[in-house]
Each structure stands twice: as C-alpha cells, then as structure tokens.
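Colleague: Just passing along the structure, written as structure tokens.
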Amino acid sequence: MTPSALLQLLAEVERGSITPEAAAGRLATLPFEDLGHARVDHHRSLRTGLPEVVFAAGKTPGQVAAIVSSLVADGVDVLVTRADSVAAEAVLARHPAAAYNAVARTISLRQSPAQPQGHVAVVCAGTSDIPVAEEAAIAAETFGVRVCRLYDVGVAGLHRLLAVRDELKQAHAIIV
C-alpha cells in the first residue's frame with residue numbers, strides 16, 4: 001500500500017463511501033500477505049515510498065505472476081528482475097499494462113504518475129554489457145529517476161567516452 005492509497009482509503013471512510021469494516025478488510029493484509037510460496041510485504045511501499053522489487057530467478061512463472069498481482073492490487077509500482085519470457089507472459093496475461101524488456105530481463109509496471117527526481121547516466125564500455133546496463137537503467141526509471149543511456153563508449157578507445165562527456169557532466173550520478 002502506498003501513502004497516497006492509505007490517505008485515499010481514510011478519506012473514503014471519512015466521507016462514508018466505505019465502511020470502517022470494509023477499510024479494515026483492505027488493511028488486513030498489512031504488513032504482509034502469505035501466498036503459500038511467498039510472503040508479500042504490503043507495508044514496504046508505505047514505509048519507504050519506493051516501488052517493490054521481485055527477484056524472479058528461482059520462482060515459477062505462476063509464482064511471479066501471483067506476487068505481482070498481489071502487489072498490483074495494492075496499487076504499488078513493481079519491478080521484476082531476472083525474468084524470463086515465460087514469466088513475462090504469465091505476468092502480462094494478468095497485467096497487460098506491464099512492460100517486459102527481454103534484454104534486461106525485467107518486467108515493470110508503474111501505477112503512480114512518474115515524477116522524475118534526479119538524473120543518472122548509465123554507461124557501459126561494450127555491447128556485451130548492455131543487458132546489465134539496461135537492467136540498471138530500467139530499475140532507475142522505475143524508481144523515478146531520469147536516465148541517459150550511454151552504451152558502447154569505452155572498449156575501443158578513450159575518444160568514444162570523451163564524445164559523451166557533456167551528458168556525463170549533466171548527470172547527478174553515473175552507473176558504469
């Protein structure tokens with residue numbers, strides 16, 4: 001549950017559009033929900049104000065989809081990492097608004113309006129590094145950071161890195 005979702009729920013109770021009992025039912029899964037295969041933390045977003053991250057490696061596609069569905073029902077933004085195409089299909093079948101990036105092996109779903117804060121440059125020297133760089137870029141974007149991707153800028157010579165120095169100077173942080 002997000003802080004804004006909690007405030008909205010409380011406002012609905014105050015207006016009388018939802019009963020206190022119904023609101024208590026919606027809060028019953030706080031701080032976590034036991035799905036049998038995972039305990040989904042519904043309180044983390046309320047505590048931190050940040051999206052929830054699901055590590056898909058080692059989970060079945062059905063488990064990943066169930067975890068994502070549980071989080072989506074709570075209104076939080078979700079990032080799934082190390083997701084293969086089968087897990088992505090399971091999530092996208094339930095949540096077509098989610099985005100799958102096969103290179104980064106991520107699934108992301110923003111439910112709140114993006115309010116970019118900060119600017120990060122994600123840099124990789126060669127094309128072999130693009131998958132991990134893209135995972136970092138999508139993670140930063142999901143967490144509300146504006147991202148500049150600077151890929152394949154370093155293996156063959158310093159001149160390729162110097163060509164993007166203006167972009168590097170504009171960034172608040174650089175992920176290499």
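Here's how to read the names in the structure tokens: chain A, B, ... by the order shown, residue numbers from 1 in each chain, ligand numbers from 1 in the order shown.
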Skip Tyr100 (chain A) itself and residues of its chain fewer than 3 positions away, then list as a list in words all residues within 9 Å of it, counting only C-alpha atoms.
Modeller: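 The contact residues come out as Ala83, Ser85, Ala88, Glu89, Leu92, Ala104, Arg105, Thr106, Ile107 and Ser108 of chain A.
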Colleague: Write the residues of the selection above to a file with all heavy atoms, as an mmCIF file, in the first residue's frame.
Modeller:
data_model
loop_
_atom_site.group_PDB
_atom_site.id
_atom_site.type_symbol
_atom_site.label_atom_id
_atom_site.label_comp_id
_atom_site.auth_asym_id
_atom_site.auth_seq_id
_atom_site.Cartn_x
_atom_site.Cartn_y
_atom_site.Cartn_z
ATOM 1 N N ALA A 83 13.722 -11.884 -15.015
ATOM 2 C CA ALA A 83 12.522 -12.542 -15.521
ATOM 3 C C ALA A 83 12.771 -13.075 -16.923
ATOM 4 O O ALA A 83 13.270 -12.353 -17.788
ATOM 5 C CB ALA A 83 11.355 -11.561 -15.546
ATOM 6 N N SER A 85 11.135 -14.985 -20.510
ATOM 7 C CA SER A 85 9.966 -14.691 -21.325
ATOM 8 C C SER A 85 8.720 -15.434 -20.843
ATOM 9 O O SER A 85 7.607 -14.925 -20.973
ATOM 10 C CB SER A 85 10.246 -15.024 -22.791
ATOM 11 O OG SER A 85 10.538 -16.402 -22.937
ATOM 12 N N ALA A 88 7.374 -13.497 -17.978
ATOM 13 C CA ALA A 88 6.796 -12.266 -18.526
ATOM 14 C C ALA A 88 5.423 -12.536 -19.130
ATOM 15 O O ALA A 88 4.488 -11.755 -18.923
ATOM 16 C CB ALA A 88 7.730 -11.663 -19.563
ATOM 17 N N GLU A 89 5.289 -13.629 -19.858
ATOM 18 C CA GLU A 89 3.984 -13.976 -20.441
ATOM 19 C C GLU A 89 2.938 -14.162 -19.355
ATOM 20 O O GLU A 89 1.789 -13.710 -19.500
ATOM 21 C CB GLU A 89 4.095 -15.247 -21.290
ATOM 22 C CG GLU A 89 4.818 -15.054 -22.600
ATOM 23 C CD GLU A 89 5.038 -16.370 -23.349
ATOM 24 O OE1 GLU A 89 4.324 -17.357 -23.069
ATOM 25 O OE2 GLU A 89 5.924 -16.404 -24.212
ATOM 26 N N LEU A 92 2.161 -10.610 -17.982
ATOM 27 C CA LEU A 92 1.462 -9.791 -18.976
ATOM 28 C C LEU A 92 0.042 -10.295 -19.241
ATOM 29 O O LEU A 92 -0.844 -9.500 -19.579
ATOM 30 C CB LEU A 92 2.265 -9.728 -20.268
ATOM 31 C CG LEU A 92 3.568 -8.927 -20.177
ATOM 32 C CD1 LEU A 92 4.418 -9.137 -21.423
ATOM 33 C CD2 LEU A 92 3.289 -7.463 -19.949
ATOM 34 N N ALA A 104 17.047 -6.721 -20.753
ATOM 35 C CA ALA A 104 17.330 -6.504 -19.334
ATOM 36 C C ALA A 104 16.733 -7.593 -18.451
ATOM 37 O O ALA A 104 17.069 -7.682 -17.281
ATOM 38 C CB ALA A 104 16.775 -5.155 -18.900
ATOM 39 N N ARG A 105 15.845 -8.392 -18.999
ATOM 40 C CA ARG A 105 15.103 -9.425 -18.258
ATOM 41 C C ARG A 105 14.323 -8.805 -17.098
ATOM 42 O O ARG A 105 14.345 -9.296 -15.979
ATOM 43 C CB ARG A 105 16.035 -10.533 -17.776
ATOM 44 C CG ARG A 105 16.749 -11.243 -18.927
ATOM 45 C CD ARG A 105 17.578 -12.405 -18.481
ATOM 46 N NE ARG A 105 18.422 -12.067 -17.339
ATOM 47 C CZ ARG A 105 19.014 -12.953 -16.555
ATOM 48 N NH1 ARG A 105 18.870 -14.238 -16.780
ATOM 49 N NH2 ARG A 105 19.770 -12.570 -15.548
ATOM 50 N N THR A 106 13.628 -7.702 -17.413
ATOM 51 C CA THR A 106 12.827 -7.019 -16.398
ATOM 52 C C THR A 106 11.375 -6.904 -16.847
ATOM 53 O O THR A 106 11.080 -6.859 -18.041
ATOM 54 C CB THR A 106 13.344 -5.598 -16.118
ATOM 55 O OG1 THR A 106 13.291 -4.840 -17.329
ATOM 56 C CG2 THR A 106 14.744 -5.605 -15.547
ATOM 57 N N ILE A 107 10.502 -6.836 -15.850
ATOM 58 C CA ILE A 107 9.095 -6.515 -16.062
ATOM 59 C C ILE A 107 8.831 -5.331 -15.147
ATOM 60 O O ILE A 107 9.163 -5.380 -13.959
ATOM 61 C CB ILE A 107 8.169 -7.683 -15.670
ATOM 62 C CG1 ILE A 107 8.556 -8.966 -16.397
ATOM 63 C CG2 ILE A 107 6.706 -7.324 -15.928
ATOM 64 C CD1 ILE A 107 7.932 -10.220 -15.796
ATOM 65 N N SER A 108 8.267 -4.281 -15.689
ATOM 66 C CA SER A 108 7.981 -3.117 -14.848
ATOM 67 C C SER A 108 6.539 -2.687 -15.049
ATOM 68 O O SER A 108 5.987 -2.805 -16.138
ATOM 69 C CB SER A 108 8.931 -1.960 -15.172
ATOM 70 O OG SER A 108 8.862 -1.617 -16.536
#
Colleague: Mind the document's chain letters and residue numbers, and return as a list of chain:residue names the residues of region 94-127 of chain A that DSSP labels strand (DSSP E or B).
Modeller: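 Reading the DSSP output for region 94-127 of chain A, strand (DSSP E or B) covers A:Ala99, A:Tyr100, A:Asn101, A:Thr106, A:Ile107, A:Ser108, A:Leu109, A:His119, A:Val120, A:Ala121, A:Val122, A:Val123, A:Cys124.
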Colleague: Write the residues of the selection above to a file with N, CA, C and O atoms, as a compact mmCIF listing (two decimals), in the first residue's frame.
Modeller:
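Below is the file that was written, selection.txt:
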# COMPACT_ATOMS: atom_id res chain seq x y z
N ALA A 99 5.39 -3.79 -18.70
CA ALA A 99 6.34 -3.76 -19.82
C ALA A 99 7.44 -4.78 -19.57
O ALA A 99 8.05 -4.78 -18.49
N TYR A 100 7.70 -5.61 -20.57
CA TYR A 100 8.77 -6.60 -20.48
C TYR A 100 9.92 -6.15 -21.36
O TYR A 100 9.73 -5.77 -22.51
N ASN A 101 11.13 -6.18 -20.81
CA ASN A 101 12.34 -5.89 -21.57
C ASN A 101 13.17 -7.16 -21.58
O ASN A 101 13.75 -7.54 -20.56
N THR A 106 13.63 -7.70 -17.41
CA THR A 106 12.83 -7.02 -16.40
C THR A 106 11.37 -6.90 -16.85
O THR A 106 11.08 -6.86 -18.04
N ILE A 107 10.50 -6.84 -15.85
CA ILE A 107 9.10 -6.52 -16.06
C ILE A 107 8.83 -5.33 -15.15
O ILE A 107 9.16 -5.38 -13.96
N SER A 108 8.27 -4.28 -15.69
CA SER A 108 7.98 -3.12 -14.85
C SER A 108 6.54 -2.69 -15.05
O SER A 108 5.99 -2.81 -16.14
N LEU A 109 5.96 -2.22 -13.97
CA LEU A 109 4.60 -1.72 -14.01
C LEU A 109 4.49 -0.54 -13.06
O LEU A 109 4.61 -0.69 -11.85
N HIS A 119 18.96 12.68 -12.08
CA HIS A 119 19.36 12.31 -13.43
C HIS A 119 20.58 11.41 -13.32
O HIS A 119 21.59 11.79 -12.74
N VAL A 120 20.46 10.22 -13.89
CA VAL A 120 21.54 9.24 -13.83
C VAL A 120 21.97 8.89 -15.25
O VAL A 120 21.13 8.72 -16.14
N ALA A 121 23.26 8.80 -15.45
CA ALA A 121 23.79 8.28 -16.71
C ALA A 121 24.17 6.83 -16.47
O ALA A 121 24.89 6.52 -15.51
N VAL A 122 23.67 5.95 -17.32
CA VAL A 122 24.05 4.54 -17.26
C VAL A 122 25.00 4.31 -18.43
O VAL A 122 24.64 4.52 -19.58
N VAL A 123 26.22 3.90 -18.10
CA VAL A 123 27.29 3.80 -19.08
C VAL A 123 27.81 2.38 -19.14
O VAL A 123 28.01 1.74 -18.11
N CYS A 124 28.04 1.89 -20.35
CA CYS A 124 28.76 0.62 -20.48
C CYS A 124 29.79 0.73 -21.59
O CYS A 124 29.61 1.46 -22.56
Colleague: Could you give me, as a PyMOL selection string, the residues within 12 Å of Val147 (chain A), counting only C-alpha atoms and dropping anything in the same chain fewer than 5 positions from it?
Modeller: chain A and resi 116-123+133-142+167-168+170-175
Colleague: With only C-alpha atoms as the atoms that count, which of A:His42, A:Arg165, A:His37, A:Arg82 lies nearest to Ala57 (chain A)?
Modeller: A:Arg82
Colleague: With distances taken over only C-alpha atoms, which residue among A:Leu35, A:Ser17, A:Val78, A:Val103 lies nearest Val54 (chain A)?
Modeller: A:Val78
Colleague: For the atom pair CA of Val91 (chain A) and CA of Val68 (chain A), what is the interatomic distance in Å to one decimal place?
Modeller: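 Between these atoms lies a distance of 7.2 Å.
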Colleague: Taking 6 positions as the minimum chain separation for residues in the same chain, which residues sit within 12 Å of Pro3 (chain A) when counting only C-alpha atoms? Answer as a PyMOL selection string.
Modeller: chain A and resi 9-10+42-51+74-76+112
